[in-house]
file structure.cif (mmCIF, C-alpha atoms and all ligand atoms)
data_model
loop_
_atom_site.label_atom_id
_atom_site.label_comp_id
_atom_site.auth_asym_id
_atom_site.auth_seq_id
_atom_site.Cartn_x
_atom_site.Cartn_y
_atom_site.Cartn_z
CA MET A 1 176.11 213.71 230.75
CA LYS A 2 176.69 217.06 232.45
CA ASP A 3 175.20 220.19 231.03
CA TYR A 4 175.89 223.88 231.21
CA TYR A 5 173.93 224.37 234.44
CA GLU A 6 175.89 221.76 236.33
CA ASN A 7 179.40 222.78 235.46
CA PRO A 8 180.05 226.43 236.18
CA GLY A 9 183.69 225.75 237.25
CA LEU A 10 183.63 228.83 239.46
CA LEU A 11 185.99 229.33 242.42
CA LEU A 12 185.38 231.83 245.21
CA PRO A 13 187.51 234.99 244.97
CA GLU A 14 190.56 235.17 247.30
CA GLU A 15 189.24 238.16 249.20
CA ASN A 16 186.33 237.77 251.65
CA ILE A 17 182.97 238.33 250.04
CA THR A 18 179.71 239.29 251.68
CA GLY A 19 176.27 240.26 250.41
CA GLN A 20 172.53 239.90 250.66
CA ILE A 21 169.81 239.11 248.11
CA GLY A 22 166.03 238.92 248.42
CA TRP A 23 163.31 237.62 246.11
CA ARG A 24 159.53 237.35 246.31
CA SER A 25 158.22 234.40 244.33
CA PRO A 26 154.61 233.33 243.84
CA SER A 27 152.90 229.98 244.05
CA ASN A 28 151.33 228.50 240.91
CA ILE A 29 148.39 226.26 240.11
CA ALA A 30 148.75 223.53 237.51
CA LEU A 31 146.09 223.30 234.80
CA VAL A 32 147.70 220.22 233.25
CA LYS A 33 149.13 218.32 236.20
CA TYR A 34 152.63 217.01 236.76
CA TRP A 35 152.11 213.59 238.33
CA GLY A 36 154.92 211.07 238.17
CA LYS A 37 158.66 211.66 237.89
CA TYR A 38 161.91 209.88 237.07
CA GLY A 39 165.63 210.51 237.55
CA ARG A 40 166.36 213.67 239.45
CA GLN A 41 163.03 215.49 239.52
CA LEU A 42 162.33 215.02 235.83
CA PRO A 43 158.63 214.94 234.91
CA LYS A 44 157.03 211.98 233.18
CA ASN A 45 154.71 214.39 231.39
CA ALA A 46 154.71 218.07 230.53
CA SER A 47 152.61 220.34 232.75
CA LEU A 48 151.17 223.80 232.30
CA SER A 49 150.39 226.20 235.12
CA MET A 50 149.11 229.63 235.95
CA THR A 51 151.34 231.75 238.16
CA LEU A 52 149.54 233.32 241.12
CA SER A 53 149.96 236.75 242.61
CA LYS A 54 148.94 237.03 246.26
CA ALA A 55 150.15 233.64 247.48
CA TYR A 56 153.92 234.10 247.59
CA THR A 57 157.09 233.52 249.61
CA GLU A 58 159.68 236.18 250.39
CA THR A 59 163.18 234.91 251.00
CA SER A 60 166.36 236.74 251.83
CA LEU A 61 169.77 235.15 251.62
CA LYS A 62 172.79 236.60 253.43
CA TYR A 63 176.15 235.15 252.48
CA ARG A 64 179.79 235.63 253.33
CA THR A 65 183.04 233.73 253.06
CA ALA A 66 183.28 231.37 256.04
CA THR A 67 186.34 231.83 258.22
CA THR A 68 185.76 228.63 260.20
CA ALA A 69 183.30 225.77 259.60
CA PRO A 70 180.42 227.18 257.47
CA LYS A 71 177.49 228.46 259.55
CA ARG A 72 173.87 227.88 258.59
CA VAL A 73 170.94 229.93 259.96
CA PHE A 74 167.34 229.44 258.84
CA LEU A 75 164.34 231.39 260.10
CA PHE A 76 160.74 230.87 258.99
CA GLU A 77 158.45 233.79 259.83
CA GLY A 78 160.92 234.98 262.44
CA ASN A 79 161.31 231.64 264.22
CA ASP A 80 163.37 228.49 264.07
CA HIS A 81 161.58 225.76 262.18
CA PRO A 82 163.65 222.56 262.39
CA ALA A 83 161.54 220.60 259.88
CA PHE A 84 161.71 223.30 257.18
CA ALA A 85 165.37 224.01 257.99
CA LYS A 86 166.22 220.36 257.45
CA ARG A 87 164.53 220.31 254.04
CA ILE A 88 166.13 223.60 252.96
CA TRP A 89 169.70 222.64 253.98
CA LYS A 90 169.30 219.19 252.44
CA PHE A 91 168.34 220.91 249.20
CA VAL A 92 171.21 223.43 249.42
CA ASP A 93 173.70 220.62 250.13
CA SER A 94 172.34 218.68 247.17
CA LEU A 95 173.41 221.54 244.89
CA GLU A 96 177.11 221.06 245.55
CA HIS A 97 177.73 219.99 241.94
CA ILE A 98 176.23 223.28 240.73
CA PHE A 99 177.42 225.72 243.41
CA PRO A 100 180.51 223.97 244.89
CA TYR A 101 181.62 227.11 246.76
CA LEU A 102 178.50 227.05 249.00
CA GLN A 103 180.43 224.72 251.30
CA GLN A 104 182.93 227.55 251.96
CA MET A 105 180.27 230.11 252.87
CA ASP A 106 178.18 231.15 255.87
CA LEU A 107 174.54 231.31 254.79
CA GLU A 108 171.52 232.84 256.48
CA ILE A 109 168.10 232.23 254.95
CA VAL A 110 165.12 234.16 256.27
CA THR A 111 161.77 233.36 254.73
CA LYS A 112 158.06 234.09 255.13
CA ASN A 113 154.81 233.36 253.29
CA SER A 114 152.03 235.79 252.44
CA PHE A 115 149.48 233.13 253.39
CA PRO A 116 149.11 231.30 256.70
CA HIS A 117 151.18 228.14 256.67
CA SER A 118 148.22 226.31 258.14
CA ALA A 119 145.99 227.21 255.17
CA GLY A 120 146.83 223.99 253.37
CA ILE A 121 148.15 225.94 250.35
CA ALA A 122 151.14 224.22 248.76
CA SER A 123 154.11 226.39 249.66
CA SER A 124 156.96 224.39 248.15
CA ALA A 125 156.57 226.03 244.71
CA SER A 126 156.87 229.56 246.06
CA ALA A 127 159.49 228.66 248.70
CA MET A 128 161.80 226.70 246.40
CA SER A 129 161.54 229.18 243.54
CA ALA A 130 162.30 232.14 245.85
CA LEU A 131 165.37 230.33 247.19
CA ALA A 132 166.53 229.30 243.72
CA LEU A 133 166.29 232.91 242.53
CA CYS A 134 168.36 234.04 245.54
CA LEU A 135 171.05 231.42 244.85
CA VAL A 136 171.36 232.19 241.13
CA ASP A 137 171.36 235.92 241.85
CA MET A 138 174.01 235.47 244.54
CA GLU A 139 176.19 233.66 242.02
CA ARG A 140 175.64 236.39 239.47
CA GLN A 141 176.62 238.99 242.08
CA ILE A 142 179.75 237.22 243.36
CA PHE A 143 181.14 236.33 239.95
CA HIS A 144 179.84 239.35 238.02
CA LEU A 145 178.11 237.07 235.54
CA GLU A 146 176.38 238.74 232.64
CA TYR A 147 173.24 236.71 232.16
CA SER A 148 170.47 237.80 229.87
CA ASP A 149 167.12 237.79 231.68
CA ALA A 150 166.16 234.65 229.75
CA GLU A 151 169.33 232.81 230.87
CA PHE A 152 168.97 233.99 234.46
CA PHE A 153 165.37 232.79 234.77
CA LYS A 154 166.11 229.55 232.95
CA LYS A 155 168.83 228.70 235.44
CA ALA A 156 166.60 229.74 238.37
CA SER A 157 163.86 227.47 237.00
CA TYR A 158 166.36 224.63 236.64
CA ILE A 159 167.49 225.03 240.28
CA ALA A 160 163.93 225.48 241.58
CA ARG A 161 162.95 222.23 239.85
CA LEU A 162 165.56 220.34 241.87
CA GLY A 163 163.90 221.60 245.09
CA SER A 164 160.32 220.89 244.00
CA GLY A 165 159.23 220.10 240.45
CA SER A 166 156.29 222.50 240.39
CA ALA A 167 158.57 225.33 241.65
CA SER A 168 160.24 225.40 238.22
CA ARG A 169 157.01 226.93 236.86
CA SER A 170 156.72 229.77 239.41
CA ILE A 171 159.56 231.67 237.73
CA TYR A 172 157.43 233.18 234.95
CA PRO A 173 154.41 235.48 234.77
CA GLY A 174 151.10 234.30 233.34
CA PHE A 175 151.35 230.70 232.18
CA SER A 176 154.40 228.39 232.37
CA LEU A 177 155.17 225.14 230.64
CA TRP A 178 157.52 222.58 232.16
CA GLY A 179 158.50 219.33 230.51
CA HIS A 180 159.01 218.14 227.00
CA ALA A 181 155.71 218.77 225.21
CA LYS A 182 155.58 216.60 222.12
CA LYS A 183 153.20 218.55 219.90
CA VAL A 184 153.27 222.05 221.35
CA SER A 185 155.19 224.28 218.98
CA ILE A 186 157.65 225.81 221.43
CA ASP A 187 160.99 224.66 222.71
CA SER A 188 160.10 222.92 225.96
CA ASP A 189 162.43 220.93 228.18
CA ASN A 190 162.24 218.50 231.10
CA LYS A 191 164.97 220.37 232.99
CA PHE A 192 163.37 223.80 233.31
CA ALA A 193 160.10 225.60 232.66
CA ILE A 194 159.59 228.20 229.98
CA PRO A 195 157.18 231.14 229.75
CA PHE A 196 153.99 230.37 227.89
CA TYR A 197 152.42 233.75 227.43
CA ASP A 198 153.02 235.42 224.08
CA ALA A 199 150.05 234.26 222.09
CA ILE A 200 147.49 233.90 224.87
CA HIS A 201 143.98 234.99 223.88
CA PRO A 202 142.70 238.05 225.81
CA SER A 203 139.90 235.98 227.40
CA PHE A 204 142.49 234.12 229.45
CA ARG A 205 144.59 237.06 230.55
CA GLY A 206 144.11 238.17 234.14
CA LEU A 207 142.23 235.00 235.19
CA ARG A 208 141.03 234.95 238.79
CA ASP A 209 141.60 232.07 241.23
CA ALA A 210 139.65 231.85 244.49
CA ILE A 211 141.40 229.26 246.65
CA LEU A 212 138.82 227.60 248.88
CA ILE A 213 140.34 226.09 252.00
CA VAL A 214 138.39 222.93 252.69
CA ASP A 215 141.05 221.54 255.02
CA ASP A 216 143.85 223.52 256.62
CA ALA A 217 145.84 220.54 257.90
CA GLN A 218 149.21 219.58 256.48
CA LYS A 219 149.26 217.47 253.33
CA LYS A 220 148.17 213.86 253.95
CA VAL A 221 150.34 212.50 251.14
CA SER A 222 153.74 214.03 250.44
CA SER A 223 154.46 214.94 246.84
CA SER A 224 157.30 212.40 246.63
CA MET A 225 155.02 209.66 247.84
CA GLY A 226 152.33 210.76 245.37
CA HIS A 227 154.70 210.81 242.40
CA SER A 228 156.11 207.40 243.34
CA LEU A 229 152.59 205.90 243.21
CA MET A 230 152.72 206.45 239.46
CA ASN A 231 155.71 204.12 239.03
CA HIS A 232 153.54 201.00 239.16
CA HIS A 233 150.15 202.49 238.54
CA PRO A 234 147.84 200.30 236.42
CA TYR A 235 146.75 203.36 234.38
CA ALA A 236 150.19 205.00 234.09
CA ASP A 237 150.52 204.71 230.30
CA ASP A 238 147.02 205.97 229.67
CA ARG A 239 147.60 208.85 232.05
CA LEU A 240 150.70 209.98 230.16
CA ALA A 241 148.82 209.83 226.88
CA GLN A 242 145.94 211.76 228.45
CA ALA A 243 148.28 214.48 229.76
CA ASP A 244 149.74 214.93 226.25
CA ARG A 245 146.29 215.14 224.72
CA ASN A 246 145.07 217.60 227.33
CA LEU A 247 148.16 219.76 226.90
CA ASN A 248 147.61 219.99 223.15
CA LEU A 249 143.96 220.84 223.63
CA LEU A 250 144.76 223.49 226.24
CA ASP A 251 147.54 224.96 224.12
CA LYS A 252 145.07 225.56 221.29
CA ALA A 253 142.26 226.71 223.59
CA LEU A 254 144.54 229.31 225.22
CA ARG A 255 145.52 230.69 221.85
CA VAL A 256 142.07 230.85 220.25
CA GLY A 257 140.11 231.71 223.41
CA ASP A 258 138.05 228.51 223.59
CA LYS A 259 136.56 228.61 227.09
CA GLN A 260 134.63 225.34 226.75
CA VAL A 261 137.78 223.37 225.91
CA PHE A 262 139.59 225.14 228.75
CA ILE A 263 136.88 224.00 231.19
CA ASN A 264 136.89 220.42 229.84
CA VAL A 265 140.66 220.07 230.12
CA VAL A 266 141.12 221.75 233.49
CA GLU A 267 138.36 219.76 235.17
CA SER A 268 139.47 216.52 233.53
CA GLU A 269 142.99 217.09 234.87
CA ALA A 270 141.83 217.81 238.43
CA LEU A 271 139.49 214.84 238.59
CA SER A 272 141.99 212.51 236.88
CA LEU A 273 144.65 213.42 239.45
CA HIS A 274 142.26 212.40 242.22
CA ALA A 275 141.11 209.32 240.33
CA LEU A 276 144.76 208.27 239.95
CA MET A 277 145.23 208.57 243.69
CA MET A 278 142.09 206.59 244.40
CA THR A 279 143.31 203.79 242.11
CA SER A 280 146.89 203.69 243.43
CA ASP A 281 148.29 200.98 245.64
CA PRO A 282 147.97 202.04 248.43
CA TRP A 283 145.01 204.26 247.53
CA PHE A 284 144.31 207.72 248.87
CA MET A 285 141.05 209.60 249.01
CA LEU A 286 142.07 213.23 249.35
CA MET A 287 138.75 214.83 248.45
CA LYS A 288 136.42 215.64 251.28
CA ALA A 289 132.64 215.75 251.17
CA GLU A 290 132.87 219.57 251.08
CA SER A 291 135.22 219.44 248.06
CA MET A 292 132.61 217.42 246.18
CA SER A 293 129.75 219.74 247.17
CA ILE A 294 131.79 222.73 245.98
CA ILE A 295 132.49 221.09 242.64
CA GLN A 296 128.82 220.21 242.11
CA LYS A 297 127.74 223.73 243.01
CA ILE A 298 130.22 225.24 240.55
CA LYS A 299 128.89 223.02 237.78
CA LYS A 300 125.28 223.92 238.60
CA TYR A 301 126.07 227.64 238.79
CA ARG A 302 127.81 227.46 235.41
CA GLU A 303 124.84 225.68 233.84
CA HIS A 304 122.36 228.23 235.19
CA SER A 305 124.34 231.43 234.72
CA GLY A 306 126.18 230.55 231.51
CA LYS A 307 129.27 232.19 233.00
CA PHE A 308 132.84 231.06 232.53
CA ILE A 309 133.69 229.41 235.84
CA THR A 310 135.65 226.23 236.42
CA PHE A 311 137.72 224.52 239.08
CA THR A 312 140.94 222.69 239.63
CA MET A 313 142.56 220.96 242.59
CA ASP A 314 146.00 219.95 243.77
CA ALA A 315 146.76 216.71 245.57
CA GLY A 316 144.52 217.69 248.48
CA PRO A 317 140.94 218.68 249.29
CA ASN A 318 141.14 222.44 248.57
CA VAL A 319 139.43 223.75 245.46
CA HIS A 320 140.70 226.50 243.14
CA VAL A 321 137.85 228.33 241.41
CA LEU A 322 138.89 229.93 238.12
CA TYR A 323 136.92 232.73 236.40
CA SER A 324 137.33 235.95 234.44
CA GLU A 325 137.90 239.37 235.89
CA GLU A 326 134.75 240.68 234.16
CA ASP A 327 132.52 238.25 236.13
CA GLN A 328 134.23 238.91 239.42
CA LEU A 329 131.34 240.70 241.17
CA ASP A 330 128.74 238.04 240.42
CA ILE A 331 131.08 235.14 241.09
CA HIS A 332 132.30 236.58 244.38
CA SER A 333 128.75 236.87 245.62
CA PHE A 334 128.10 233.24 244.53
CA ILE A 335 131.27 232.13 246.31
CA ASP A 336 130.53 234.09 249.48
CA LYS A 337 126.97 232.80 249.67
CA GLU A 338 127.31 229.19 248.53
CA LEU A 339 130.91 228.04 248.75
CA LYS A 340 132.47 229.93 251.65
CA PRO A 341 130.26 228.17 254.25
CA LEU A 342 131.80 224.87 253.06
CA CYS A 343 135.33 226.10 253.80
CA VAL A 344 137.04 225.33 257.08
CA LYS A 345 136.65 228.41 259.33
CA GLN A 346 135.20 230.08 256.18
CA GLN A 347 138.76 230.55 254.90
CA LEU A 348 139.47 231.44 251.31
CA LEU A 349 142.01 233.47 249.40
CA TYR A 350 141.07 235.58 246.40
CA ASP A 351 144.06 235.36 244.09
CA GLU A 352 144.68 235.99 240.40
CA MET A 353 147.14 235.48 237.58
CA GLY A 354 150.43 237.05 238.59
CA ARG A 355 153.38 238.80 237.05
CA GLY A 356 156.05 236.44 238.32
CA PRO A 357 158.81 236.87 240.89
CA ILE A 358 160.23 240.24 241.90
CA LYS A 359 163.58 241.13 243.36
CA LEU A 360 163.34 242.72 246.81
CA LYS A 361 165.23 245.88 247.65
O1 LIG A 401 156.21 219.94 242.89
P1 LIG A 401 155.69 218.77 243.61
O2 LIG A 401 156.65 217.63 243.67
O3 LIG A 401 155.18 219.18 244.98
O4 LIG A 401 154.43 218.18 242.79
C1 LIG A 401 153.26 218.90 242.56
C2 LIG A 401 152.19 218.02 242.08
C3 LIG A 401 150.84 218.68 241.86
O5 LIG A 401 150.71 219.86 242.62
C4 LIG A 401 149.76 217.70 242.31
C5 LIG A 401 150.57 218.97 240.39
C6 LIG A 401 151.36 220.11 239.79
O6 LIG A 401 151.67 220.01 238.60
O7 LIG A 401 151.62 221.12 240.48
#
call {"tool": "encode", "arguments": {"input": "structure.cif", "output": "structure tokens", "more": "lines below"}}
Ligand code: PMV
result
Amino acid sequence: MKDYYENPGLLLPEENITGQIGWRSPSNIALVKYWGKYGRQLPKNASLSMTLSKAYTETSLKYRTATTAPKRVFLFEGNDHPAFAKRIWKFVDSLEHIFPYLQQMDLEIVTKNSFPHSAGIASSASAMSALALCLVDMERQIFHLEYSDAEFFKKASYIARLGSGSASRSIYPGFSLWGHAKKVSIDSDNKFAIPFYDAIHPSFRGLRDAILIVDDAQKKVSSSMGHSLMNHHPYADDRLAQADRNLNLLDKALRVGDKQVFINVVESEALSLHALMMTSDPWFMLMKAESMSIIQKIKKYREHSGKFITFTMDAGPNVHVLYSEEDQLDIHSFIDKELKPLCVKQQLLYDEMGRGPIKLK
């Protein structure tokens, strides 16, 4: 069954068109993890994330009616990057059913990240969401479409999802929810993310995230490979039930300001993700000794100081440390003294909850 997003029925105007669009879009960190997918990038469970601020991608898209065979130019941080270019054009070509006229246009995509590519920070969420925003905005510009903001961002989230599932969540400020959440009382969907911010308790606004770079090499396991491990995983059913339970708990904790439940859920999600990888066939051990030391030190510091500090991880060895703005001074000195020496080349990025994508002038 086709839906609204896949059937715009738009034809390019007769006259030649030309234009340029730019968007900055942030990365995000999942608190309830998306792990396992079906169909075309549809999640097996609903996930909830926090949008970041300082880790972002800026993408500009130049377009014009092609006069001969359509030309494609892609530059990453000012240079050719054949591997990224291949992924980007494969994604753009895969959108033919949504934007059929792209095949009649010359496109130039120029993109850069605010963080070093070698920092081991997942960049697909920021990259794919920035590109999706450019494409949807280009369409709005060419066809003079009158989207409400909500419709515009919903479509951008839908397109971003097709590039990288987690990218669907980078479209909104604060917290985002992607995937059909059974008990959460808002209208969630597997095809796009929705904002999850209205009723958030003040204790969780403006959360900080220090991203500790334990390994700056490229990902050892691609996301697609990782998700596919869930297809025949012995604990798959229990994992899906756990994700639902954790989402419900986090939903309530975020609304009432329950920091202890927040810590329990976020750490359970991070460790479960790694446990699922360790018990996959083939198995992967993505934590490093330093990741484990960092986690232990965070737990010990929390027990001694009584402060709100917790951690999460993606499918890799880097650790995200989450804490409140009000404890920033103390926690930064703890991080600098105890955790930074465990980072590769002492690299870390102090980030925080962000306000979502912005259109570039
Ligand atoms: O968006 P993908 O396909 O790269 O998957 C992301 C998976 C995790 O980062 C491990 C979890 C998540 O929800 O972001």
call {"tool": "axis_aligned_box", "arguments": {"input": "structure.cif", "around": "ligand LIG 401 (chain A)", "padding_each_side": "5 Å", "output": "JSON"}}
result
{"center_x": 153.2, "center_y": 219.4, "center_z": 241.8, "size_x": 16.9, "size_y": 13.5, "size_z": 16.4}
call {"tool": "residues_near_ligand", "arguments": {"input": "structure.cif", "ligand": "ligand LIG 401 (chain A)", "cutoff": "8 Å", "atoms": "only C-alpha atoms and all ligand atoms", "output": "number ranges by chain"}}
result
A: 28-35, 41, 47-49, 122, 124-125, 161, 164-167, 222-224, 226-227, 273, 313-315
call {"tool": "residues_around", "arguments": {"input": "structure.cif", "residues": "A:Thr57", "least_positions_apart": "4", "cutoff": "9 Å", "atoms": "only C-alpha atoms", "output": "ChimeraX atom specification"}}
result
/A:23-27,111-115,123,125-130
call {"tool": "closest_residue", "arguments": {"input": "structure.cif", "among": "A:Pro282, A:Pro357, A:Pro100, A:Pro43", "to": "A:Ala193", "atoms": "only C-alpha atoms"}}
result
A:Pro43
call {"tool": "residues_around", "arguments": {"input": "structure.cif", "residues": "A:Ala210", "least_positions_apart": "4", "cutoff": "10 Å", "atoms": "all atoms listed in the file", "output": "PyMOL selection string"}}
result
chain A and resi 311+319-323+331-332+335+348-352
call {"tool": "build_atoms", "arguments": {"input": "structure.cif", "residues": "stretch 188-198 of chain A", "atoms": "all heavy atoms", "output": "PDB file, in the coordinates of the input"}}
result
ATOM      1  N   SER A 188     160.241 223.255 224.547  1.00  0.00           N
ATOM      2  CA  SER A 188     160.100 222.920 225.960  1.00  0.00           C
ATOM      3  C   SER A 188     161.151 221.899 226.367  1.00  0.00           C
ATOM      4  O   SER A 188     161.756 221.243 225.518  1.00  0.00           O
ATOM      5  CB  SER A 188     158.700 222.370 226.196  1.00  0.00           C
ATOM      6  OG  SER A 188     158.461 221.303 225.303  1.00  0.00           O
ATOM      7  N   ASP A 189     161.345 221.768 227.677  1.00  0.00           N
ATOM      8  CA  ASP A 189     162.430 220.930 228.180  1.00  0.00           C
ATOM      9  C   ASP A 189     162.021 220.310 229.517  1.00  0.00           C
ATOM     10  O   ASP A 189     161.277 220.931 230.272  1.00  0.00           O
ATOM     11  CB  ASP A 189     163.661 221.832 228.377  1.00  0.00           C
ATOM     12  CG  ASP A 189     164.940 221.019 228.449  1.00  0.00           C
ATOM     13  OD1 ASP A 189     165.066 220.214 229.387  1.00  0.00           O
ATOM     14  OD2 ASP A 189     165.813 221.195 227.585  1.00  0.00           O
ATOM     15  N   ASN A 190     162.537 219.119 229.804  1.00  0.00           N
ATOM     16  CA  ASN A 190     162.240 218.500 231.100  1.00  0.00           C
ATOM     17  C   ASN A 190     163.012 219.151 232.245  1.00  0.00           C
ATOM     18  O   ASN A 190     162.664 218.972 233.401  1.00  0.00           O
ATOM     19  CB  ASN A 190     162.618 217.008 231.065  1.00  0.00           C
ATOM     20  CG  ASN A 190     161.514 216.164 230.447  1.00  0.00           C
ATOM     21  OD1 ASN A 190     160.417 216.662 230.197  1.00  0.00           O
ATOM     22  ND2 ASN A 190     161.806 214.897 230.205  1.00  0.00           N
ATOM     23  N   LYS A 191     164.087 219.886 231.927  1.00  0.00           N
ATOM     24  CA  LYS A 191     164.970 220.370 232.990  1.00  0.00           C
ATOM     25  C   LYS A 191     164.595 221.744 233.544  1.00  0.00           C
ATOM     26  O   LYS A 191     165.049 222.128 234.599  1.00  0.00           O
ATOM     27  CB  LYS A 191     166.417 220.393 232.483  1.00  0.00           C
ATOM     28  CG  LYS A 191     166.915 218.970 232.134  1.00  0.00           C
ATOM     29  CD  LYS A 191     168.402 218.882 232.032  1.00  0.00           C
ATOM     30  CE  LYS A 191     169.028 219.411 230.801  1.00  0.00           C
ATOM     31  NZ  LYS A 191     168.680 219.002 229.487  1.00  0.00           N
ATOM     32  N   PHE A 192     163.805 222.474 232.814  1.00  0.00           N
ATOM     33  CA  PHE A 192     163.370 223.800 233.310  1.00  0.00           C
ATOM     34  C   PHE A 192     162.059 224.177 232.630  1.00  0.00           C
ATOM     35  O   PHE A 192     161.708 223.636 231.572  1.00  0.00           O
ATOM     36  CB  PHE A 192     164.433 224.870 233.037  1.00  0.00           C
ATOM     37  CG  PHE A 192     164.979 224.814 231.641  1.00  0.00           C
ATOM     38  CD1 PHE A 192     164.270 225.334 230.579  1.00  0.00           C
ATOM     39  CD2 PHE A 192     166.211 224.191 231.396  1.00  0.00           C
ATOM     40  CE1 PHE A 192     164.765 225.261 229.297  1.00  0.00           C
ATOM     41  CE2 PHE A 192     166.704 224.097 230.102  1.00  0.00           C
ATOM     42  CZ  PHE A 192     165.980 224.635 229.049  1.00  0.00           C
ATOM     43  N   ALA A 193     161.356 225.110 233.261  1.00  0.00           N
ATOM     44  CA  ALA A 193     160.100 225.600 232.660  1.00  0.00           C
ATOM     45  C   ALA A 193     160.411 226.766 231.738  1.00  0.00           C
ATOM     46  O   ALA A 193     161.492 227.372 231.811  1.00  0.00           O
ATOM     47  CB  ALA A 193     159.149 226.036 233.772  1.00  0.00           C
ATOM     48  N   ILE A 194     159.452 227.053 230.881  1.00  0.00           N
ATOM     49  CA  ILE A 194     159.590 228.200 229.980  1.00  0.00           C
ATOM     50  C   ILE A 194     158.301 229.026 230.048  1.00  0.00           C
ATOM     51  O   ILE A 194     157.238 228.494 230.371  1.00  0.00           O
ATOM     52  CB  ILE A 194     159.874 227.764 228.520  1.00  0.00           C
ATOM     53  CG1 ILE A 194     158.803 226.761 228.048  1.00  0.00           C
ATOM     54  CG2 ILE A 194     161.257 227.162 228.378  1.00  0.00           C
ATOM     55  CD1 ILE A 194     158.927 226.408 226.582  1.00  0.00           C
ATOM     56  N   PRO A 195     158.405 230.322 229.723  1.00  0.00           N
ATOM     57  CA  PRO A 195     157.180 231.140 229.750  1.00  0.00           C
ATOM     58  C   PRO A 195     156.255 230.724 228.620  1.00  0.00           C
ATOM     59  O   PRO A 195     156.714 230.317 227.551  1.00  0.00           O
ATOM     60  CB  PRO A 195     157.695 232.565 229.555  1.00  0.00           C
ATOM     61  CG  PRO A 195     159.082 232.442 229.056  1.00  0.00           C
ATOM     62  CD  PRO A 195     159.602 231.079 229.377  1.00  0.00           C
ATOM     63  N   PHE A 196     154.971 230.848 228.862  1.00  0.00           N
ATOM     64  CA  PHE A 196     153.990 230.370 227.890  1.00  0.00           C
ATOM     65  C   PHE A 196     152.933 231.467 227.758  1.00  0.00           C
ATOM     66  O   PHE A 196     151.791 231.295 228.138  1.00  0.00           O
ATOM     67  CB  PHE A 196     153.364 229.078 228.419  1.00  0.00           C
ATOM     68  CG  PHE A 196     152.576 228.314 227.409  1.00  0.00           C
ATOM     69  CD1 PHE A 196     153.218 227.561 226.449  1.00  0.00           C
ATOM     70  CD2 PHE A 196     151.190 228.337 227.413  1.00  0.00           C
ATOM     71  CE1 PHE A 196     152.494 226.847 225.512  1.00  0.00           C
ATOM     72  CE2 PHE A 196     150.455 227.621 226.481  1.00  0.00           C
ATOM     73  CZ  PHE A 196     151.109 226.878 225.526  1.00  0.00           C
ATOM     74  N   TYR A 197     153.345 232.628 227.275  1.00  0.00           N
ATOM     75  CA  TYR A 197     152.420 233.750 227.430  1.00  0.00           C
ATOM     76  C   TYR A 197     152.161 234.527 226.151  1.00  0.00           C
ATOM     77  O   TYR A 197     151.110 235.148 226.018  1.00  0.00           O
ATOM     78  CB  TYR A 197     152.932 234.689 228.526  1.00  0.00           C
ATOM     79  CG  TYR A 197     151.856 235.563 229.114  1.00  0.00           C
ATOM     80  CD1 TYR A 197     150.690 235.005 229.631  1.00  0.00           C
ATOM     81  CD2 TYR A 197     151.986 236.943 229.145  1.00  0.00           C
ATOM     82  CE1 TYR A 197     149.685 235.790 230.172  1.00  0.00           C
ATOM     83  CE2 TYR A 197     150.989 237.736 229.696  1.00  0.00           C
ATOM     84  CZ  TYR A 197     149.839 237.146 230.201  1.00  0.00           C
ATOM     85  OH  TYR A 197     148.856 237.919 230.733  1.00  0.00           O
ATOM     86  N   ASP A 198     153.089 234.483 225.207  1.00  0.00           N
ATOM     87  CA  ASP A 198     153.020 235.420 224.080  1.00  0.00           C
ATOM     88  C   ASP A 198     151.681 235.457 223.355  1.00  0.00           C
ATOM     89  O   ASP A 198     151.102 236.513 223.158  1.00  0.00           O
ATOM     90  CB  ASP A 198     154.107 235.063 223.058  1.00  0.00           C
ATOM     91  CG  ASP A 198     155.446 235.501 223.590  1.00  0.00           C
ATOM     92  OD1 ASP A 198     155.422 236.149 224.661  1.00  0.00           O
ATOM     93  OD2 ASP A 198     156.479 235.195 222.974  1.00  0.00           O
TER      94      ASP A 198
END
